[in-house]
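K.L.:
Just so it is clear, I am handing over protein_35.cif, which has mmCIF, C-alpha atoms.
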data_my_file
loop_
_atom_site.label_atom_id
_atom_site.label_comp_id
_atom_site.auth_asym_id
_atom_site.auth_seq_id
_atom_site.Cartn_x
_atom_site.Cartn_y
_atom_site.Cartn_z
CA MET A 1 -239.86 89.46 -83.35
CA ARG A 2 -240.60 86.80 -80.76
CA LYS A 3 -241.16 84.28 -83.55
CA HIS A 4 -237.72 85.00 -84.97
CA VAL A 5 -236.12 84.68 -81.53
CA LEU A 6 -237.81 81.29 -81.05
CA ILE A 7 -236.64 80.12 -84.49
CA VAL A 8 -233.05 81.20 -83.80
CA SER A 9 -233.19 79.61 -80.34
CA GLY A 10 -234.49 76.40 -81.87
CA ILE A 11 -231.71 76.34 -84.42
CA ILE A 12 -229.12 76.86 -81.69
CA VAL A 13 -230.63 74.03 -79.65
CA LEU A 14 -230.59 71.71 -82.65
CA ILE A 15 -226.99 72.57 -83.39
CA GLY A 16 -226.13 71.89 -79.75
CA ILE A 17 -227.89 68.53 -79.88
CA ALA A 18 -226.10 67.70 -83.11
CA VAL A 19 -222.71 68.56 -81.60
CA ILE A 20 -223.43 66.50 -78.49
CA ALA A 21 -224.60 63.59 -80.64
CA TRP A 22 -221.48 63.91 -82.80
CA LEU A 23 -219.23 63.64 -79.77
CA ALA A 24 -221.30 60.99 -78.00
CA TRP A 25 -221.84 58.56 -80.83
CA PRO A 26 -218.82 56.29 -80.74
CA ASP A 27 -218.83 52.95 -82.49
CA THR A 28 -216.64 50.77 -80.27
CA ALA A 29 -214.48 48.14 -81.93
CA ARG A 30 -215.57 44.54 -81.55
CA LEU A 31 -212.37 43.15 -83.02
CA SER A 32 -208.75 43.70 -82.11
CA VAL A 33 -206.44 45.43 -84.57
CA ASP A 34 -204.59 42.13 -85.08
CA GLN A 35 -207.82 40.39 -86.08
CA VAL A 36 -208.15 42.89 -88.94
CA ALA A 37 -204.49 42.57 -89.93
CA GLY A 38 -202.43 40.11 -91.94
CA LYS A 39 -202.91 38.32 -95.24
CA GLN A 40 -206.40 37.12 -94.26
CA PRO A 41 -208.01 39.76 -92.00
CA THR A 42 -211.45 39.39 -90.50
CA ILE A 43 -213.83 41.50 -92.60
CA SER A 44 -216.98 42.04 -90.53
CA ALA A 45 -220.29 43.54 -91.56
CA PRO A 46 -220.11 47.33 -91.99
CA ARG A 47 -221.69 49.58 -89.38
CA GLU A 48 -222.42 52.69 -91.43
CA GLN A 49 -222.25 56.00 -89.63
CA VAL A 50 -224.05 59.21 -90.46
CA ILE A 51 -222.41 60.72 -87.40
CA PRO A 52 -218.79 59.47 -87.34
CA THR A 53 -216.99 58.11 -84.34
CA VAL A 54 -214.54 60.84 -83.32
CA ASN A 55 -211.67 59.80 -81.09
CA ILE A 56 -208.72 62.10 -81.76
CA ALA A 57 -205.70 62.05 -79.48
CA LYS A 58 -205.00 65.54 -78.18
CA PRO A 59 -201.42 66.58 -79.08
CA VAL A 60 -199.31 67.37 -76.01
CA GLY A 61 -195.73 66.78 -77.18
CA TRP A 62 -192.86 65.11 -75.36
CA ALA A 63 -191.91 66.04 -71.82
CA GLN A 64 -188.26 66.82 -71.18
CA GLY A 65 -186.24 63.62 -71.47
CA ALA A 66 -189.18 61.49 -72.64
CA LYS A 67 -188.92 59.38 -75.77
CA PRO A 68 -190.76 56.58 -77.57
CA GLN A 69 -190.56 52.92 -76.59
CA VAL A 70 -188.83 50.41 -78.87
CA ALA A 71 -188.83 46.64 -79.31
CA SER A 72 -186.37 44.57 -77.30
CA GLY A 73 -182.85 44.72 -78.63
CA LEU A 74 -183.29 48.25 -79.97
CA ALA A 75 -182.47 51.75 -78.73
CA ILE A 76 -183.84 55.16 -79.70
CA GLN A 77 -182.61 58.74 -79.51
CA ALA A 78 -183.47 62.07 -81.09
CA PHE A 79 -181.68 62.57 -84.41
CA ALA A 80 -182.99 66.15 -84.77
CA THR A 81 -185.29 68.34 -82.65
CA SER A 82 -187.06 71.71 -82.79
CA LEU A 83 -188.49 71.06 -86.25
CA ASP A 84 -191.77 72.42 -87.59
CA HIS A 85 -194.20 69.58 -88.36
CA PRO A 86 -191.69 67.17 -89.94
CA ARG A 87 -193.59 64.74 -92.15
CA TRP A 88 -191.34 63.08 -94.72
CA LEU A 89 -187.71 62.00 -95.00
CA TYR A 90 -185.28 61.34 -97.83
CA GLU A 91 -181.59 60.47 -97.76
CA LEU A 92 -179.37 61.99 -100.44
CA PRO A 93 -176.53 59.92 -101.99
CA ASN A 94 -173.93 61.44 -99.65
CA GLY A 95 -175.95 60.56 -96.53
CA ASP A 96 -177.48 63.98 -95.87
CA VAL A 97 -181.08 63.66 -94.72
CA LEU A 98 -183.81 65.91 -96.08
CA VAL A 99 -186.93 66.46 -93.99
CA ALA A 100 -190.08 68.06 -95.37
CA GLU A 101 -191.47 70.44 -92.74
CA THR A 102 -194.95 70.72 -94.12
CA ASN A 103 -198.68 70.57 -93.59
CA SER A 104 -201.95 70.84 -95.47
CA PRO A 105 -202.57 74.00 -97.46
CA PRO A 106 -205.37 76.18 -96.05
CA ARG A 107 -208.73 74.40 -96.19
CA PRO A 108 -211.71 76.60 -97.07
CA ALA A 109 -214.39 76.36 -94.39
CA ALA A 110 -217.31 76.21 -96.82
CA GLY A 111 -220.17 74.22 -95.35
CA ILE A 112 -220.77 72.69 -91.94
CA THR A 113 -218.96 69.43 -92.77
CA GLN A 114 -215.71 71.16 -93.65
CA ARG A 115 -216.01 73.49 -90.65
CA VAL A 116 -216.39 70.53 -88.33
CA MET A 117 -213.51 68.69 -90.04
CA ASN A 118 -211.27 71.75 -89.70
CA PHE A 119 -212.14 71.90 -86.00
CA PHE A 120 -211.11 68.29 -85.42
CA LEU A 121 -207.97 68.69 -87.52
CA GLY A 122 -207.06 71.53 -85.21
CA ARG A 123 -207.57 69.28 -82.20
CA ALA A 124 -205.23 66.72 -83.78
CA GLY A 125 -202.49 69.29 -84.34
CA ALA A 126 -202.94 69.19 -88.11
CA ALA A 127 -204.17 72.74 -88.62
CA VAL A 128 -200.91 74.63 -88.03
CA PRO A 129 -199.69 76.62 -91.05
CA SER A 130 -197.31 74.77 -93.32
CA ALA A 131 -193.66 75.79 -93.04
CA ASN A 132 -193.33 74.90 -96.76
CA ARG A 133 -189.68 74.10 -96.17
CA ILE A 134 -187.22 71.28 -96.75
CA THR A 135 -184.49 71.18 -94.11
CA LEU A 136 -181.13 69.44 -94.47
CA LEU A 137 -179.80 67.39 -91.57
CA ARG A 138 -176.19 66.20 -91.47
CA ASP A 139 -174.47 63.95 -88.93
CA THR A 140 -170.83 64.90 -89.40
CA ASN A 141 -169.30 62.78 -86.62
CA GLY A 142 -171.39 59.61 -86.92
CA ASP A 143 -172.89 59.70 -83.43
CA GLY A 144 -176.46 59.24 -84.65
CA LYS A 145 -177.41 62.88 -84.07
CA ALA A 146 -177.61 65.65 -86.64
CA ASP A 147 -175.13 68.36 -85.70
CA MET A 148 -175.96 70.45 -88.75
CA LYS A 149 -179.45 71.69 -89.55
CA THR A 150 -180.06 74.22 -92.30
CA ALA A 151 -182.90 75.40 -94.53
CA PHE A 152 -182.32 73.60 -97.82
CA MET A 153 -185.33 74.87 -99.80
CA THR A 154 -188.11 77.30 -98.94
CA GLY A 155 -191.14 78.82 -100.63
CA LEU A 156 -192.66 75.47 -101.63
CA ASN A 157 -196.36 74.54 -101.62
CA SER A 158 -197.05 71.85 -99.00
CA PRO A 159 -194.05 69.77 -100.16
CA PHE A 160 -193.90 66.09 -99.26
CA GLY A 161 -192.11 63.41 -101.31
CA MET A 162 -188.53 63.94 -102.55
CA VAL A 163 -186.22 61.94 -104.81
CA PHE A 164 -182.85 62.53 -106.48
CA PHE A 165 -182.96 61.37 -110.09
CA GLU A 166 -180.59 62.02 -113.01
CA GLY A 167 -179.05 65.20 -111.63
CA TYR A 168 -182.27 66.73 -110.32
CA LEU A 169 -183.99 66.75 -106.98
CA TYR A 170 -187.70 66.19 -107.53
CA ILE A 171 -190.20 67.51 -104.98
CA ALA A 172 -193.86 66.56 -104.87
CA ASN A 173 -195.76 69.73 -103.95
CA THR A 174 -199.46 69.33 -103.30
CA ASP A 175 -200.33 70.71 -106.76
CA ALA A 176 -197.31 69.86 -108.93
CA LEU A 177 -194.21 67.74 -109.29
CA VAL A 178 -191.27 70.16 -109.54
CA ARG A 179 -187.50 69.80 -109.80
CA VAL A 180 -184.26 71.70 -109.22
CA PRO A 181 -180.67 70.87 -110.20
CA TYR A 182 -178.70 69.33 -107.33
CA ARG A 183 -174.98 68.68 -106.87
CA GLU A 184 -173.74 66.36 -104.14
CA GLY A 185 -172.94 68.15 -100.90
CA GLU A 186 -175.00 71.28 -101.55
CA THR A 187 -176.63 72.62 -98.40
CA GLN A 188 -178.95 75.19 -99.97
CA ILE A 189 -180.95 75.38 -103.18
CA THR A 190 -181.90 78.83 -104.44
CA ALA A 191 -182.92 77.92 -107.99
CA LYS A 192 -186.54 78.44 -108.93
CA PRO A 193 -188.29 75.06 -109.13
CA GLU A 194 -189.23 73.91 -112.63
CA LYS A 195 -192.70 72.36 -113.01
CA VAL A 196 -192.60 68.84 -114.42
CA VAL A 197 -196.27 67.89 -114.32
CA PRO A 198 -199.32 69.40 -112.58
CA LEU A 199 -201.05 67.42 -109.83
CA ARG A 200 -204.65 67.90 -108.77
CA GLY A 201 -204.94 69.49 -105.35
CA GLY A 202 -207.66 70.60 -102.98
CA GLY A 203 -209.98 68.66 -100.73
CA ASN A 204 -208.64 65.97 -98.43
CA HIS A 205 -205.41 63.98 -98.76
CA TRP A 206 -203.05 66.74 -99.77
CA ALA A 207 -199.73 64.85 -99.47
CA ARG A 208 -198.02 63.74 -102.70
CA ASN A 209 -195.14 61.31 -102.79
CA VAL A 210 -192.54 60.52 -105.49
CA ILE A 211 -189.99 57.73 -105.96
CA ALA A 212 -187.82 56.52 -108.84
CA ALA A 213 -189.30 53.59 -110.78
CA GLU A 214 -187.51 50.30 -111.33
CA ASP A 215 -186.98 51.01 -115.05
CA GLY A 216 -184.50 53.80 -114.31
CA LYS A 217 -186.39 56.13 -116.66
CA THR A 218 -189.62 57.11 -114.91
CA LEU A 219 -191.01 58.21 -111.56
CA TYR A 220 -194.00 57.05 -109.53
CA VAL A 221 -196.16 59.80 -108.01
CA SER A 222 -198.99 59.08 -105.57
CA VAL A 223 -202.10 61.29 -105.46
CA GLY A 224 -204.78 60.65 -102.81
CA SER A 225 -208.51 61.16 -103.20
CA ALA A 226 -210.26 64.46 -102.52
CA SER A 227 -212.87 62.86 -100.27
CA ASN A 228 -213.84 59.82 -98.23
CA ILE A 229 -216.00 57.96 -100.78
CA ALA A 230 -216.37 60.38 -103.70
CA GLU A 231 -219.29 62.11 -102.01
CA ASN A 232 -218.63 65.18 -104.14
CA GLY A 233 -218.86 63.20 -107.38
CA MET A 234 -216.29 61.43 -109.51
CA ASP A 235 -215.46 64.55 -111.50
CA ALA A 236 -213.78 65.89 -108.37
CA GLU A 237 -211.71 62.67 -108.24
CA LYS A 238 -210.33 62.76 -111.78
CA PHE A 239 -206.69 61.62 -111.75
CA ARG A 240 -206.88 61.17 -107.98
CA ALA A 241 -206.82 58.06 -105.78
CA THR A 242 -204.08 56.91 -108.14
CA ILE A 243 -200.41 56.25 -108.61
CA LEU A 244 -199.12 58.04 -111.69
CA GLN A 245 -196.11 57.12 -113.80
CA VAL A 246 -194.18 60.17 -114.99
CA TRP A 247 -191.63 60.54 -117.78
CA PRO A 248 -189.74 63.57 -116.42
CA ASN A 249 -187.69 64.36 -119.51
CA ASP A 250 -190.78 64.50 -121.71
CA LYS A 251 -193.02 65.86 -118.92
CA ASN A 252 -195.62 63.23 -119.77
CA TRP A 253 -197.52 60.89 -117.48
CA ARG A 254 -200.14 58.18 -117.29
CA VAL A 255 -202.26 56.55 -114.62
CA TYR A 256 -200.29 53.52 -113.46
CA ALA A 257 -202.86 52.13 -110.98
CA GLY A 258 -206.18 53.32 -109.52
CA GLY A 259 -208.77 52.72 -106.85
CA LEU A 260 -206.26 53.63 -104.11
CA ARG A 261 -208.00 55.98 -101.69
CA ASN A 262 -204.85 57.51 -100.26
CA PRO A 263 -201.56 55.87 -101.24
CA VAL A 264 -198.72 57.72 -99.53
CA GLY A 265 -195.66 55.62 -98.76
CA MET A 266 -194.14 53.92 -101.80
CA ALA A 267 -191.01 51.80 -102.10
CA LEU A 268 -189.40 49.22 -104.38
CA ASN A 269 -189.17 45.77 -102.82
CA PRO A 270 -185.47 44.80 -102.90
CA ILE A 271 -186.40 41.12 -103.29
CA ASN A 272 -188.19 41.51 -106.64
CA ASN A 273 -187.78 45.23 -107.47
CA ARG A 274 -191.56 45.68 -107.65
CA LEU A 275 -193.55 48.72 -106.51
CA TRP A 276 -195.26 48.51 -103.10
CA THR A 277 -197.43 51.08 -101.34
CA VAL A 278 -199.38 51.62 -98.13
CA VAL A 279 -202.94 52.93 -98.39
CA ASN A 280 -205.35 54.69 -96.03
CA GLU A 281 -208.77 53.17 -96.50
CA ARG A 282 -212.22 54.71 -96.00
CA ASP A 283 -213.93 56.01 -92.86
CA MET A 284 -217.36 55.80 -91.24
CA LEU A 285 -218.01 52.07 -91.70
CA GLY A 286 -217.41 51.46 -88.00
CA SER A 287 -214.32 50.94 -85.87
CA ASP A 288 -213.50 47.57 -87.48
CA LEU A 289 -213.57 48.63 -91.16
CA ALA A 290 -211.95 49.05 -93.53
CA PRO A 291 -208.36 47.88 -93.04
CA ASP A 292 -205.51 50.04 -94.25
CA TYR A 293 -203.14 47.94 -96.29
CA LEU A 294 -199.71 47.21 -97.72
CA THR A 295 -199.66 45.86 -101.26
CA GLN A 296 -197.68 45.28 -104.42
CA VAL A 297 -198.92 47.41 -107.32
CA GLU A 298 -198.69 46.53 -110.99
CA PHE A 299 -199.62 48.50 -114.08
CA GLY A 300 -203.38 48.52 -114.67
CA ASP A 301 -204.33 47.44 -111.13
CA HIS A 302 -207.52 48.80 -109.61
CA PHE A 303 -208.13 48.36 -105.88
CA GLY A 304 -211.82 49.30 -105.86
CA TRP A 305 -212.12 52.75 -104.33
CA PRO A 306 -214.70 54.20 -103.90
CA TRP A 307 -217.07 51.35 -104.79
CA TYR A 308 -215.26 48.42 -103.18
CA TYR A 309 -212.80 47.67 -100.39
CA TRP A 310 -210.54 44.71 -99.60
CA GLY A 311 -210.83 43.05 -102.98
CA GLY A 312 -214.52 43.41 -103.75
CA TYR A 313 -216.59 44.12 -100.64
CA PRO A 314 -219.17 46.68 -101.83
CA ASP A 315 -219.60 50.05 -100.14
CA ASP A 316 -223.35 50.59 -100.54
CA ARG A 317 -223.03 54.29 -99.68
CA VAL A 318 -221.43 55.06 -103.05
CA GLU A 319 -223.80 56.22 -105.78
CA PRO A 320 -224.08 55.41 -108.57
CA ALA A 321 -222.92 51.83 -108.05
CA ASN A 322 -220.39 50.20 -110.34
CA PRO A 323 -221.15 46.45 -110.40
CA ALA A 324 -219.15 45.85 -113.59
CA LEU A 325 -215.93 46.75 -111.75
CA GLN A 326 -216.26 44.21 -108.94
CA GLN A 327 -214.74 41.23 -110.74
CA TYR A 328 -211.66 43.26 -111.67
CA VAL A 329 -210.89 44.67 -108.22
CA LYS A 330 -207.51 43.53 -106.91
CA ARG A 331 -207.31 42.32 -103.33
CA PRO A 332 -204.42 43.89 -101.37
CA ASP A 333 -201.59 41.66 -100.21
CA TYR A 334 -201.57 42.52 -96.50
CA ALA A 335 -203.93 44.29 -94.08
CA LEU A 336 -202.47 46.58 -91.43
CA GLY A 337 -205.62 47.01 -89.33
CA PRO A 338 -208.52 49.47 -89.31
CA HIS A 339 -207.91 53.23 -89.30
CA VAL A 340 -204.21 52.99 -88.39
CA ALA A 341 -203.42 55.72 -90.97
CA ALA A 342 -200.49 53.95 -92.60
CA LEU A 343 -198.28 56.62 -94.21
CA GLY A 344 -194.59 55.77 -94.01
CA LEU A 345 -193.03 52.84 -95.86
CA THR A 346 -189.46 51.61 -96.25
CA PHE A 347 -187.97 48.17 -96.73
CA SER A 348 -185.40 46.95 -94.22
CA GLN A 349 -182.62 46.32 -96.72
CA ASN A 350 -179.38 47.77 -95.27
CA ALA A 351 -180.94 48.14 -91.80
CA ARG A 352 -178.67 47.00 -88.96
CA LEU A 353 -181.32 46.22 -86.38
CA GLY A 354 -180.76 42.50 -85.95
CA ASP A 355 -181.93 39.34 -87.69
CA ARG A 356 -185.54 39.85 -86.58
CA PHE A 357 -185.83 42.90 -88.85
CA ALA A 358 -183.56 41.70 -91.66
CA ARG A 359 -186.21 41.13 -94.34
CA GLY A 360 -189.46 43.04 -94.46
CA ALA A 361 -191.02 46.49 -94.41
CA PHE A 362 -191.30 49.21 -91.77
CA VAL A 363 -194.59 51.14 -91.76
CA GLY A 364 -195.23 54.47 -90.02
CA GLU A 365 -198.79 54.54 -88.66
CA HIS A 366 -199.92 58.10 -87.98
CA GLY A 367 -202.91 57.00 -85.88
CA SER A 368 -206.68 56.90 -86.05
CA TRP A 369 -209.36 59.55 -85.64
CA ASN A 370 -212.40 57.39 -86.51
CA ARG A 371 -211.93 54.40 -84.16
CA LYS A 372 -212.58 53.61 -80.52
CA PRO A 373 -210.19 52.57 -79.06
CA ALA A 374 -207.45 54.30 -81.00
CA SER A 375 -205.31 52.34 -83.45
CA GLY A 376 -201.95 53.08 -85.03
CA TYR A 377 -199.71 55.70 -83.40
CA LYS A 378 -196.65 53.49 -83.87
CA VAL A 379 -194.14 52.06 -86.31
CA VAL A 380 -194.58 48.40 -87.19
CA PHE A 381 -192.60 45.80 -89.11
CA VAL A 382 -194.09 43.34 -91.59
CA PRO A 383 -191.82 40.31 -92.14
CA PHE A 384 -191.38 39.14 -95.75
CA GLY A 385 -190.45 35.75 -97.11
CA ALA A 386 -187.98 34.87 -99.84
CA ASN A 387 -190.86 34.97 -102.35
CA GLY A 388 -191.08 38.77 -101.97
CA PHE A 389 -194.41 38.79 -100.07
CA PRO A 390 -195.39 39.01 -96.38
CA VAL A 391 -194.91 35.81 -94.42
CA ALA A 392 -198.10 33.74 -94.22
CA GLY A 393 -199.78 34.08 -90.84
CA ALA A 394 -197.53 36.93 -89.71
CA LYS A 395 -199.01 39.92 -87.91
CA PRO A 396 -197.42 43.40 -87.75
CA ILE A 397 -194.64 43.59 -85.15
CA ASP A 398 -194.44 46.71 -82.99
CA VAL A 399 -191.09 48.45 -83.43
CA VAL A 400 -191.63 51.97 -82.05
CA GLY A 401 -194.51 52.87 -79.72
CA GLY A 402 -195.38 54.95 -76.69
CA PHE A 403 -196.60 57.88 -78.79
CA LEU A 404 -199.82 57.91 -76.73
CA ASP A 405 -199.50 58.58 -73.01
CA ALA A 406 -201.54 57.03 -70.21
CA LYS A 407 -204.34 59.55 -70.82
CA GLY A 408 -204.50 58.69 -74.52
CA GLU A 409 -202.95 62.01 -75.48
CA ALA A 410 -200.45 62.18 -78.32
CA ARG A 411 -196.88 62.92 -77.37
CA GLY A 412 -196.03 62.32 -81.01
CA ARG A 413 -197.30 60.84 -84.26
CA PRO A 414 -195.01 58.93 -86.65
CA VAL A 415 -195.12 59.60 -90.37
CA GLY A 416 -192.16 59.02 -92.73
CA VAL A 417 -189.62 56.24 -92.13
CA ILE A 418 -186.28 55.59 -93.87
CA VAL A 419 -183.13 53.54 -93.24
CA ASP A 420 -180.04 55.77 -93.05
CA LYS A 421 -176.54 55.08 -94.37
CA ALA A 422 -175.43 53.64 -91.02
CA GLY A 423 -178.33 51.18 -90.84
CA GLY A 424 -180.50 53.07 -88.36
CA LEU A 425 -184.22 53.67 -88.78
CA LEU A 426 -185.23 57.34 -88.92
CA VAL A 427 -188.81 58.26 -87.97
CA ALA A 428 -190.41 61.66 -88.61
CA ASP A 429 -192.67 62.68 -85.71
CA ASP A 430 -194.90 65.58 -86.77
CA VAL A 431 -196.49 66.23 -83.37
CA GLY A 432 -193.32 65.89 -81.31
CA ASN A 433 -191.42 67.92 -83.96
CA VAL A 434 -188.60 65.39 -83.76
CA VAL A 435 -186.84 62.99 -86.08
CA TRP A 436 -186.08 59.87 -84.03
CA ARG A 437 -183.32 57.36 -84.77
CA VAL A 438 -183.68 53.68 -83.90
CA SER A 439 -180.53 51.55 -83.67
CA ALA A 440 -179.46 48.18 -82.33
CA ALA A 441 -178.94 48.33 -78.57
CA LYS A 442 -175.31 48.22 -77.49
#
Produce structure tokens that represent the structure in this file.

P.N.:
Amino acid sequence: MRKHVLIVSGIIVLIGIAVIAWLAWPDTARLSVDQVAGKQPTISAPREQVIPTVNIAKPVGWAQGAKPQVASGLAIQAFATSLDHPRWLYELPNGDVLVAETNSPPRPAAGITQRVMNFFLGRAGAAVPSANRITLLRDTNGDGKADMKTAFMTGLNSPFGMVFFEGYLYIANTDALVRVPYREGETQITAKPEKVVPLRGGGNHWARNVIAAEDGKTLYVSVGSASNIAENGMDAEKFRATILQVWPNDKNWRVYAGGLRNPVGMALNPINNRLWTVVNERDMLGSDLAPDYLTQVEFGDHFGWPWYYWGGYPDDRVEPANPALQQYVKRPDYALGPHVAALGLTFSQNARLGDRFARGAFVGEHGSWNRKPASGYKVVFVPFGANGFPVAGAKPIDVVGGFLDAKGEARGRPVGVIVDKAGGLLVADDVGNVVWRVSAAK
């Protein structure tokens, strides 16, 4: 009996030591975020971690009257409040704004790794049940505030991306692309969603996005990886870490581009009508690696995940290796910095925020968990040139910040970004449960 007590006590002590080590093992950044951003970021030697750096901002929400900070010449106000984990935004042709109130589906707590991850997701405010709802917001008097808020669709499965295309509203659930008929001005959809194509779910990176392609016939659908670096094997990653091209009328699809660990935001560049995306890169290579990025994507591209990052740097943790792929890996066009969690993406066409933000892309950075000090937790702007690519030498410009307070706690976390019909920038804040609107200062 005593022997069993000693064994159990020993196990408890070891678990305690492991937990303490987990929390007290930070890899502190040696480079600034700007040094790992731009067209030519500094790519330092990896500092592999068995025990990851954990630095998650505790969610506290916004105090009464508090709001984010904006760049000079801009103003910000709440467009809609009292939402339930608003993550993604889409504007319908008549100017109504749809917001996906959503979160990850339940994550099974099988194994110590997933239990620990679930614990930290809870600390970050990401473990609340998904509302599985799309809400319609309407500004009827043009004052920059939604005076109508109504449940547009319910009963979905962790919905995220939305797009109106050829008479249908398409919704990217975590496990399927579905659609319902939509007529302009409708404020509620009761039709049962029709499945267009299945999407692989489970694991990490549950959010799926959808946009209309430039050909006017197909859709692009983004599907993130199930893991950090395919540690559960490549079979678990089949048709993941990809952007798919879908023919909705035929309900067919193909892989358009691969090697994208977690592509979320997608948009067509108005300069050249090409597909661009923002991608969350891998964790546990230290606080300075690997940079999240913004890039143009063409058919057949492969960006290296899980074997390579930033155009061919090998990740030696991945087994088996894939040396034959290295020469074909495409280097991204623009680094956004390490661990910023780039999710939202919209181009500034039609924005009325001044000449400084006339040509380029806004990116919603949800914020890091695996970096010390924290990175992201803001909306940035990447200026583009007339050639349709980011300006040489340009670094991301802060547009909306102040989501972290003086204690490093999260008052909010930005996700989706869109430009509305009046030229304002809408920002979904899933911790503050607000949609913010940025406009030119009067």

K.L.:
Let me make sure I understand: among A:Leu136, A:Ile171, A:Val382, A:Leu425, which one has the smallest atom-to-atom distance to Gln188 of chain A if we use all atoms listed in the file?

P.N.:
A:Leu136

K.L.:
Please expand the PyMOL selection byres ((chain A and resi 36) around 7) into the concrete residues it hits in this file, giving the result as a compact mmCIF listing (two decimals) with C-alpha atoms, in the coordinates of the input.

P.N.:
# COMPACT_ATOMS: atom_id res chain seq x y z
CA SER A 32 -208.75 43.70 -82.11
CA VAL A 33 -206.44 45.43 -84.57
CA ASP A 34 -204.59 42.13 -85.08
CA GLN A 35 -207.82 40.39 -86.08
CA ALA A 37 -204.49 42.57 -89.93
CA PRO A 41 -208.01 39.76 -92.00
CA THR A 42 -211.45 39.39 -90.50
CA ILE A 43 -213.83 41.50 -92.60
CA PRO A 291 -208.36 47.88 -93.04
CA ALA A 335 -203.93 44.29 -94.08
CA GLY A 337 -205.62 47.01 -89.33
CA PRO A 338 -208.52 49.47 -89.31

K.L.:
Could you work out how far atom CA of Thr277 of chain A lies from atom CA of Tyr293 of chain A, giving the answer in Å with one decimal?

P.N.:
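Between atom CA of Tyr293 of chain A and atom CA of Thr277 of chain A the gap works out to 8.2 Å.
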
K.L.:
Please evaluate the PyMOL selection byres ((chain A and resi 279) around 10) against the structure above and give the resulting residues as a short mmCIF file (atom, residue, chain, number, x, y, z; two decimals) with C-alpha atoms, keeping the file's coordinate frame.

P.N.:
data_model
loop_
_atom_site.label_atom_id
_atom_site.label_comp_id
_atom_site.auth_asym_id
_atom_site.auth_seq_id
_atom_site.Cartn_x
_atom_site.Cartn_y
_atom_site.Cartn_z
CA GLY A 224 -204.78 60.65 -102.81
CA ALA A 241 -206.82 58.06 -105.78
CA LEU A 260 -206.26 53.63 -104.11
CA ARG A 261 -208.00 55.98 -101.69
CA ASN A 262 -204.85 57.51 -100.26
CA PRO A 263 -201.56 55.87 -101.24
CA VAL A 264 -198.72 57.72 -99.53
CA GLY A 265 -195.66 55.62 -98.76
CA MET A 266 -194.14 53.92 -101.80
CA THR A 277 -197.43 51.08 -101.34
CA VAL A 278 -199.38 51.62 -98.13
CA ASN A 280 -205.35 54.69 -96.03
CA GLU A 281 -208.77 53.17 -96.50
CA ARG A 282 -212.22 54.71 -96.00
CA PRO A 291 -208.36 47.88 -93.04
CA ASP A 292 -205.51 50.04 -94.25
CA TYR A 293 -203.14 47.94 -96.29
CA LEU A 294 -199.71 47.21 -97.72
CA THR A 295 -199.66 45.86 -101.26
CA PRO A 332 -204.42 43.89 -101.37
CA ALA A 335 -203.93 44.29 -94.08
CA LEU A 336 -202.47 46.58 -91.43
CA ALA A 341 -203.42 55.72 -90.97
CA ALA A 342 -200.49 53.95 -92.60
CA LEU A 343 -198.28 56.62 -94.21
CA GLY A 344 -194.59 55.77 -94.01
#

K.L.:
Could you tell me which of A:Ile229, A:Ala361, A:Val180, A:Leu289 comes closest to Phe389 of chain A if we count all atoms listed in the file?

P.N.:
A:Ala361

K.L.:
Run the PyMOL selection byres ((chain A and resi 230) around 12) against the file shown and list the residues it catches, as an MDAnalysis selection string.

P.N.:
chainID A and resid 203:204 224:229 231:238 240:241 259 261 282:283 305:307 315 317:321

K.L.:
Residues proximal to (-192.6, 69.9, -103.7) were defined as those with any atom within 12 Å of that point in the file's coordinates, counting all atoms listed in the file. Which are they, as a VMD selection string?

P.N.:
chain A and resid 88 99 to 103 132 to 134 153 to 163 169 to 180 192 to 199 206 to 210 221
